[in-house]
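Chemist: Please find one structure pasted underneath; my questions will follow.
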Amino acid sequence: MNRIAERASGADGPNAQSVFQLAFAVTARLHIGRMRRLLPILVASAACVRFEAHAAACPDCPTSRAVSAIVCGEGIWRNLAMTVAPFVALGIVVWRLSRIGRPPVRTADVAATRES
Amino acid sequence: MERSPVNTGPLIAAATLIGIGMGGFVDGIVLHQLLQWHHMLSVPIPPTDLLSVKVNMVWDGLFHAFTWIVTFIGLLLLWRAGQRNDVPLSTRIFAGSLALGWGLFNVVEGLIDHQLLGIHHVHPGAGQLAWDVGFLLFGAALIVAGWAAIKRGRSETTSPGGLRIAATSA
């Protein structure tokens, strides 16, 4: 996929459109039977997405460091609590629901269990 | 043949959790990511530039993580319920519980996040209250429909004495 991106580099550098066109052209030459029309589109789209993801990835850059600082800075516990709050409430509701479906415990059953 | 008490609780709890997860994923995938109507913390951190969008993406990711955990717990409980002889594998109860879970998610998340905490709204801007109310009403409708299906399913699988005939191989 990276070779396709390199080959697609023009004077202004690689772009998603040139990657798509090149991947489509290469795949369309393959003899792949019934998938002859669909496969080039799929492969070219995947190459395009992969290329864009590679170009946009920013695991360690000033923006990502600023994001980490904001997320982990003051207010993290408040934000975390606000995100978790609905799930805690839903957990309580489901716990109550699980008890609704239980069969009623009858005195006769308890007595029979004890006797056995 | 052996008579054993019917226990629908494990199936209801498991399917409800899966329904909550499905409702959460619909919200997260459709409203947060595809349509981008709102993010988890749209109100305190308005997504107006790249930095604030990326911060909101982190909180969206945490929301998805919790939703995934809920779904996973639901699957585990469903697996355990399927191994028990006293739990009826009723399609009606299962489908009703899925709808109940989705509806519960909408109502609880809508009340807490949209109304109580106000950290985001379904469709901010003009008429945001109508969108929020519509979200709640859709959830309430799912709860009513789901609960009705569960009740009908329980009446089908439970005899008047709360017992069912369970075939045993012994």
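How things are named: the first chain in the structure tokens is A, the next is B, and so on; residues count from 1 in each chain; ligands count from 1 in the order shown.
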Taking 3 positions as the minimum chain separation for residues in the same chain, which residues sit within 8 Å of segment 143-158 of chain B when counting only C-alpha atoms? Answer as a PyMOL selection string.

Modeler: chain B and resi 6+8+88+90-104+139-140+161-164

Chemist: Keeping only N, CA and C atoms, write the selected residues to a file as a compact mmCIF listing (two decimals), in the first residue's frame.

Modeler:
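Here's the written file part-v8.txt:
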# COMPACT_ATOMS: atom_id res chain seq x y z
N VAL B 6 -39.74 -21.75 36.75
CA VAL B 6 -39.24 -20.96 35.63
C VAL B 6 -38.64 -19.66 36.15
N THR B 8 -37.20 -16.27 34.54
CA THR B 8 -36.95 -15.48 33.33
C THR B 8 -35.96 -14.34 33.60
N PRO B 88 -36.14 -20.17 30.54
CA PRO B 88 -36.73 -20.46 29.23
C PRO B 88 -36.13 -19.57 28.15
N SER B 90 -37.02 -17.95 25.53
CA SER B 90 -38.16 -17.44 24.79
C SER B 90 -37.73 -16.31 23.86
N THR B 91 -38.08 -16.47 22.57
CA THR B 91 -37.74 -15.43 21.59
C THR B 91 -38.45 -14.11 21.92
N ARG B 92 -39.69 -14.25 22.39
CA ARG B 92 -40.47 -13.04 22.69
C ARG B 92 -39.84 -12.27 23.86
N ILE B 93 -39.44 -13.00 24.88
CA ILE B 93 -38.80 -12.34 26.02
C ILE B 93 -37.47 -11.72 25.60
N PHE B 94 -36.72 -12.45 24.77
CA PHE B 94 -35.42 -11.95 24.32
C PHE B 94 -35.58 -10.66 23.50
N ALA B 95 -36.48 -10.70 22.52
CA ALA B 95 -36.68 -9.52 21.66
C ALA B 95 -37.24 -8.35 22.48
N GLY B 96 -38.18 -8.66 23.38
CA GLY B 96 -38.75 -7.62 24.22
C GLY B 96 -37.70 -6.99 25.11
N SER B 97 -36.80 -7.81 25.64
CA SER B 97 -35.75 -7.28 26.52
C SER B 97 -34.75 -6.43 25.74
N LEU B 98 -34.49 -6.82 24.49
CA LEU B 98 -33.60 -6.00 23.65
C LEU B 98 -34.20 -4.60 23.46
N ALA B 99 -35.50 -4.57 23.13
CA ALA B 99 -36.19 -3.29 22.94
C ALA B 99 -36.22 -2.51 24.26
N LEU B 100 -36.48 -3.23 25.36
CA LEU B 100 -36.51 -2.58 26.67
C LEU B 100 -35.15 -1.94 26.97
N GLY B 101 -34.08 -2.67 26.68
CA GLY B 101 -32.73 -2.14 26.94
C GLY B 101 -32.44 -0.90 26.13
N TRP B 102 -32.78 -0.95 24.86
CA TRP B 102 -32.55 0.21 23.98
C TRP B 102 -33.35 1.41 24.51
N GLY B 103 -34.60 1.16 24.85
CA GLY B 103 -35.44 2.24 25.36
C GLY B 103 -34.91 2.79 26.67
N LEU B 104 -34.48 1.89 27.56
CA LEU B 104 -33.91 2.34 28.83
C LEU B 104 -32.69 3.22 28.60
N GLY B 139 -37.49 6.41 23.20
CA GLY B 139 -37.07 5.47 24.23
C GLY B 139 -38.25 4.93 25.02
N ALA B 140 -39.16 5.83 25.39
CA ALA B 140 -40.33 5.40 26.17
C ALA B 140 -41.18 4.41 25.36
N GLY B 161 -49.14 -21.78 38.13
CA GLY B 161 -48.47 -22.03 39.40
C GLY B 161 -47.02 -21.60 39.41
N GLY B 162 -46.58 -20.93 38.31
CA GLY B 162 -45.19 -20.51 38.26
C GLY B 162 -44.27 -21.68 37.95
N LEU B 163 -44.81 -22.78 37.43
CA LEU B 163 -44.00 -23.96 37.16
C LEU B 163 -44.07 -24.29 35.67
N ARG B 164 -43.08 -24.99 35.18
CA ARG B 164 -43.15 -25.50 33.82
C ARG B 164 -42.64 -26.94 33.85

Chemist: What's around Gly23 of chain B at 12 Å? Count only C-alpha atoms, leave out sequence neighbours fewer than 6 positions away in its own chain, and write the answer as a VMD selection string.

Modeler: chain B and resid 16 to 17 29 to 31 64 67 to 68 70 to 71 98 to 110 135 138 to 139 142

Chemist: Keeping only N, CA and C atoms, take the residues you just selected and write them out as a compact mmCIF listing (two decimals), in the first residue's frame.

Modeler:
# COMPACT_ATOMS: atom_id res chain seq x y z
N THR B 16 -31.49 -7.33 28.15
CA THR B 16 -31.63 -5.89 28.39
C THR B 16 -30.26 -5.21 28.30
N LEU B 17 -29.24 -5.86 28.87
CA LEU B 17 -27.89 -5.28 28.78
C LEU B 17 -27.43 -5.20 27.33
N ILE B 29 -22.45 5.67 17.17
CA ILE B 29 -22.02 5.56 15.77
C ILE B 29 -22.80 6.53 14.88
N VAL B 30 -24.12 6.56 15.04
CA VAL B 30 -24.94 7.38 14.11
C VAL B 30 -24.87 8.86 14.49
N LEU B 31 -25.18 9.17 15.77
CA LEU B 31 -25.29 10.59 16.15
C LEU B 31 -23.94 11.25 16.41
N HIS B 64 -17.95 4.77 24.14
CA HIS B 64 -18.03 3.52 23.39
C HIS B 64 -17.43 2.36 24.17
N THR B 67 -19.94 1.24 26.64
CA THR B 67 -21.01 0.56 25.91
C THR B 67 -20.58 -0.85 25.53
N TRP B 68 -19.33 -0.98 25.12
CA TRP B 68 -18.79 -2.30 24.76
C TRP B 68 -18.78 -3.21 25.98
N VAL B 70 -20.73 -3.07 28.62
CA VAL B 70 -22.13 -3.45 28.92
C VAL B 70 -22.58 -4.58 27.99
N THR B 71 -22.26 -4.45 26.70
CA THR B 71 -22.65 -5.48 25.73
C THR B 71 -21.96 -6.80 26.04
N LEU B 98 -34.49 -6.82 24.49
CA LEU B 98 -33.60 -6.00 23.65
C LEU B 98 -34.20 -4.60 23.46
N ALA B 99 -35.50 -4.57 23.13
CA ALA B 99 -36.19 -3.29 22.94
C ALA B 99 -36.22 -2.51 24.26
N LEU B 100 -36.48 -3.23 25.36
CA LEU B 100 -36.51 -2.58 26.67
C LEU B 100 -35.15 -1.94 26.97
N GLY B 101 -34.08 -2.67 26.68
CA GLY B 101 -32.73 -2.14 26.94
C GLY B 101 -32.44 -0.90 26.13
N TRP B 102 -32.78 -0.95 24.86
CA TRP B 102 -32.55 0.21 23.98
C TRP B 102 -33.35 1.41 24.51
N GLY B 103 -34.60 1.16 24.85
CA GLY B 103 -35.44 2.24 25.36
C GLY B 103 -34.91 2.79 26.67
N LEU B 104 -34.48 1.89 27.56
CA LEU B 104 -33.91 2.34 28.83
C LEU B 104 -32.69 3.22 28.60
N PHE B 105 -31.85 2.80 27.63
CA PHE B 105 -30.67 3.62 27.34
C PHE B 105 -31.09 5.03 26.94
N ASN B 106 -32.03 5.13 26.01
CA ASN B 106 -32.45 6.45 25.53
C ASN B 106 -33.01 7.30 26.67
N VAL B 107 -33.87 6.69 27.50
CA VAL B 107 -34.52 7.46 28.56
C VAL B 107 -33.51 7.87 29.63
N VAL B 108 -32.72 6.91 30.10
CA VAL B 108 -31.77 7.22 31.18
C VAL B 108 -30.68 8.18 30.68
N GLU B 109 -30.11 7.88 29.51
CA GLU B 109 -29.07 8.75 28.98
C GLU B 109 -29.65 10.12 28.65
N GLY B 110 -30.86 10.11 28.12
CA GLY B 110 -31.50 11.39 27.76
C GLY B 110 -31.77 12.24 28.99
N PHE B 135 -36.18 12.09 21.39
CA PHE B 135 -35.26 11.01 21.80
C PHE B 135 -35.85 10.26 22.99
N PHE B 138 -39.07 8.30 21.94
CA PHE B 138 -38.71 7.08 21.21
C PHE B 138 -38.28 6.00 22.20
N GLY B 139 -37.49 6.41 23.20
CA GLY B 139 -37.07 5.47 24.23
C GLY B 139 -38.25 4.93 25.02
N LEU B 142 -40.13 2.35 23.07
CA LEU B 142 -39.42 1.07 23.05
C LEU B 142 -39.61 0.33 24.38

Chemist: For chain A versus chain B, which residues have an atom no more than 12 Å away, and what is each residue's nearest atom pair and distance in Å rounded to one decimal, using only C-alpha atoms, chain-then-number order, as a tab-separated table?

Modeler:
residue	atom	partner	partner_atom	distance
A:Cys58	CA	B:Lys54	CA	11.0
A:Pro59	CA	B:Lys54	CA	11.9
A:Cys61	CA	B:Leu51	CA	12.0
A:Pro62	CA	B:Leu51	CA	10.2
A:Thr63	CA	B:Leu51	CA	6.7
A:Ser64	CA	B:Lys54	CA	8.2
A:Arg65	CA	B:Leu51	CA	10.1
A:Ala66	CA	B:Leu51	CA	7.6
A:Val67	CA	B:Val55	CA	5.6
A:Ser68	CA	B:Val55	CA	7.9
A:Ala69	CA	B:Val55	CA	9.7
A:Ile70	CA	B:Val55	CA	7.3
A:Val71	CA	B:Val55	CA	6.4
A:Cys72	CA	B:Val55	CA	10.1
A:Gly73	CA	B:Val55	CA	11.5
A:Gly75	CA	B:Pro44	CA	10.7
A:Ile76	CA	B:Trp59	CA	10.1
A:Trp77	CA	B:Trp59	CA	11.9
A:Arg78	CA	B:Leu117	CA	11.0
A:Asn79	CA	B:Leu41	CA	8.0
A:Leu80	CA	B:Trp59	CA	8.2
A:Ala81	CA	B:Leu117	CA	10.7
A:Met82	CA	B:Leu117	CA	7.5
A:Thr83	CA	B:Phe63	CA	6.4
A:Val84	CA	B:Phe66	CA	7.6
A:Ala85	CA	B:Ile112	CA	7.6
A:Pro86	CA	B:Glu109	CA	5.3
A:Phe87	CA	B:Phe66	CA	7.6
A:Val88	CA	B:Val108	CA	10.0
A:Ala89	CA	B:Val108	CA	7.3
A:Leu90	CA	B:Val108	CA	7.0
A:Gly91	CA	B:Leu17	CA	8.3
A:Ile92	CA	B:Ala13	CA	10.9
A:Val93	CA	B:Leu104	CA	8.6
A:Val94	CA	B:Ala13	CA	5.7
A:Trp95	CA	B:Ala13	CA	7.1
A:Arg96	CA	B:Ala13	CA	8.8
A:Leu97	CA	B:Ala13	CA	6.3
A:Ser98	CA	B:Gly9	CA	4.2
A:Arg99	CA	B:Gly9	CA	5.9
A:Ile100	CA	B:Gly9	CA	6.2
A:Gly101	CA	B:Gly9	CA	3.7
A:Arg102	CA	B:Asn7	CA	4.9
A:Pro103	CA	B:Asn7	CA	5.6
A:Pro104	CA	B:Gly162	CA	7.6
A:Val105	CA	B:Pro5	CA	9.6
A:Arg106	CA	B:Gly162	CA	10.2
A:Asp109	CA	B:Pro5	CA	10.2

Chemist: Rounded to one decimal place, report the atom CA of Gln128 of chain B-atom CA of Asp49 of chain B distance in Å.

Modeler: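 Going from atom CA of Gln128 of chain B over to atom CA of Asp49 of chain B, I get 21.7 Å.
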
Chemist: Using only C-alpha atoms, determine which residues lie at most 7 Å from Phe24 of chain A, disregarding the query and same-chain residues fewer than 6 positions distant; provide the list as a VMD selection string.

Modeler: chain A and resid 40 to 41 44

Chemist: Need the shell around Val122 of chain B: protein/DNA/RNA residues with any atom at most 10 Å away, counting only C-alpha atoms. Skip same-chain ones fewer than 4 positions apart. Format as a ChimeraX atom specification?

Modeler: /B:27,31-32,36-39,110,113-114,128-135

Chemist: Could you save the residues just selected, with C-alpha atoms, as a PDB file, in the first residue's frame?

Modeler:
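Saved to out.pdb:
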ATOM      1  CA  ASP B  27     -26.218   6.755  19.504  1.00  0.00           C
ATOM      2  CA  LEU B  31     -25.295  10.592  16.148  1.00  0.00           C
ATOM      3  CA  HIS B  32     -21.693  11.084  17.313  1.00  0.00           C
ATOM      4  CA  GLN B  36     -21.821  14.355  14.063  1.00  0.00           C
ATOM      5  CA  TRP B  37     -24.815  16.077  15.622  1.00  0.00           C
ATOM      6  CA  HIS B  38     -23.191  16.032  19.026  1.00  0.00           C
ATOM      7  CA  HIS B  39     -20.269  14.634  20.978  1.00  0.00           C
ATOM      8  CA  GLY B 110     -31.498  11.395  27.764  1.00  0.00           C
ATOM      9  CA  ASP B 113     -26.904  13.697  29.983  1.00  0.00           C
ATOM     10  CA  HIS B 114     -29.362  15.916  28.097  1.00  0.00           C
ATOM     11  CA  GLN B 128     -32.957  21.275  20.478  1.00  0.00           C
ATOM     12  CA  LEU B 129     -35.594  20.660  23.167  1.00  0.00           C
ATOM     13  CA  ALA B 130     -37.863  19.036  20.570  1.00  0.00           C
ATOM     14  CA  TRP B 131     -35.048  16.709  19.493  1.00  0.00           C
ATOM     15  CA  ASP B 132     -34.306  15.841  23.136  1.00  0.00           C
ATOM     16  CA  VAL B 133     -37.973  15.150  23.849  1.00  0.00           C
ATOM     17  CA  GLY B 134     -38.260  13.079  20.669  1.00  0.00           C
ATOM     18  CA  PHE B 135     -35.265  11.014  21.798  1.00  0.00           C
TER      19      PHE B 135
END

Chemist: Just list the residues in chain B DSSP gives strand (DSSP E or B) on the backbone, as a list in words.

Modeler: Glu2, Arg3, Ser4, Pro5, Leu163, Arg164, Ile165 and Ala166 of chain B

Chemist: Output the selection as a PDB file, in the first residue's frame - N, CA and C atoms for each residue.

Modeler:
ATOM      1  N   GLU B   2     -39.753 -33.754  35.009  1.00  0.00           N
ATOM      2  CA  GLU B   2     -39.507 -33.132  36.300  1.00  0.00           C
ATOM      3  C   GLU B   2     -40.080 -31.724  36.267  1.00  0.00           C
ATOM      4  N   ARG B   3     -40.682 -31.331  37.365  1.00  0.00           N
ATOM      5  CA  ARG B   3     -41.231 -29.979  37.402  1.00  0.00           C
ATOM      6  C   ARG B   3     -40.193 -29.054  38.039  1.00  0.00           C
ATOM      7  N   SER B   4     -39.875 -27.969  37.330  1.00  0.00           N
ATOM      8  CA  SER B   4     -38.900 -27.031  37.892  1.00  0.00           C
ATOM      9  C   SER B   4     -39.427 -25.616  37.732  1.00  0.00           C
ATOM     10  N   PRO B   5     -39.099 -24.720  38.673  1.00  0.00           N
ATOM     11  CA  PRO B   5     -39.590 -23.354  38.576  1.00  0.00           C
ATOM     12  C   PRO B   5     -38.948 -22.602  37.417  1.00  0.00           C
ATOM     13  N   LEU B 163     -44.808 -22.776  37.434  1.00  0.00           N
ATOM     14  CA  LEU B 163     -44.001 -23.960  37.158  1.00  0.00           C
ATOM     15  C   LEU B 163     -44.074 -24.291  35.673  1.00  0.00           C
ATOM     16  N   ARG B 164     -43.080 -24.990  35.182  1.00  0.00           N
ATOM     17  CA  ARG B 164     -43.150 -25.503  33.823  1.00  0.00           C
ATOM     18  C   ARG B 164     -42.641 -26.939  33.846  1.00  0.00           C
ATOM     19  N   ILE B 165     -43.020 -27.656  32.819  1.00  0.00           N
ATOM     20  CA  ILE B 165     -42.549 -29.037  32.720  1.00  0.00           C
ATOM     21  C   ILE B 165     -41.208 -29.016  32.009  1.00  0.00           C
ATOM     22  N   ALA B 166     -40.154 -29.434  32.682  1.00  0.00           N
ATOM     23  CA  ALA B 166     -38.831 -29.469  32.074  1.00  0.00           C
ATOM     24  C   ALA B 166     -38.447 -30.909  31.825  1.00  0.00           C
TER      25      ALA B 166
END

Chemist: Between atom CA of Leu136 of chain B and atom CA of His120 of chain B, what is the distance in Å, rounded to a tenth?

Modeler: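 These atoms are spaced 14.1 Å apart.
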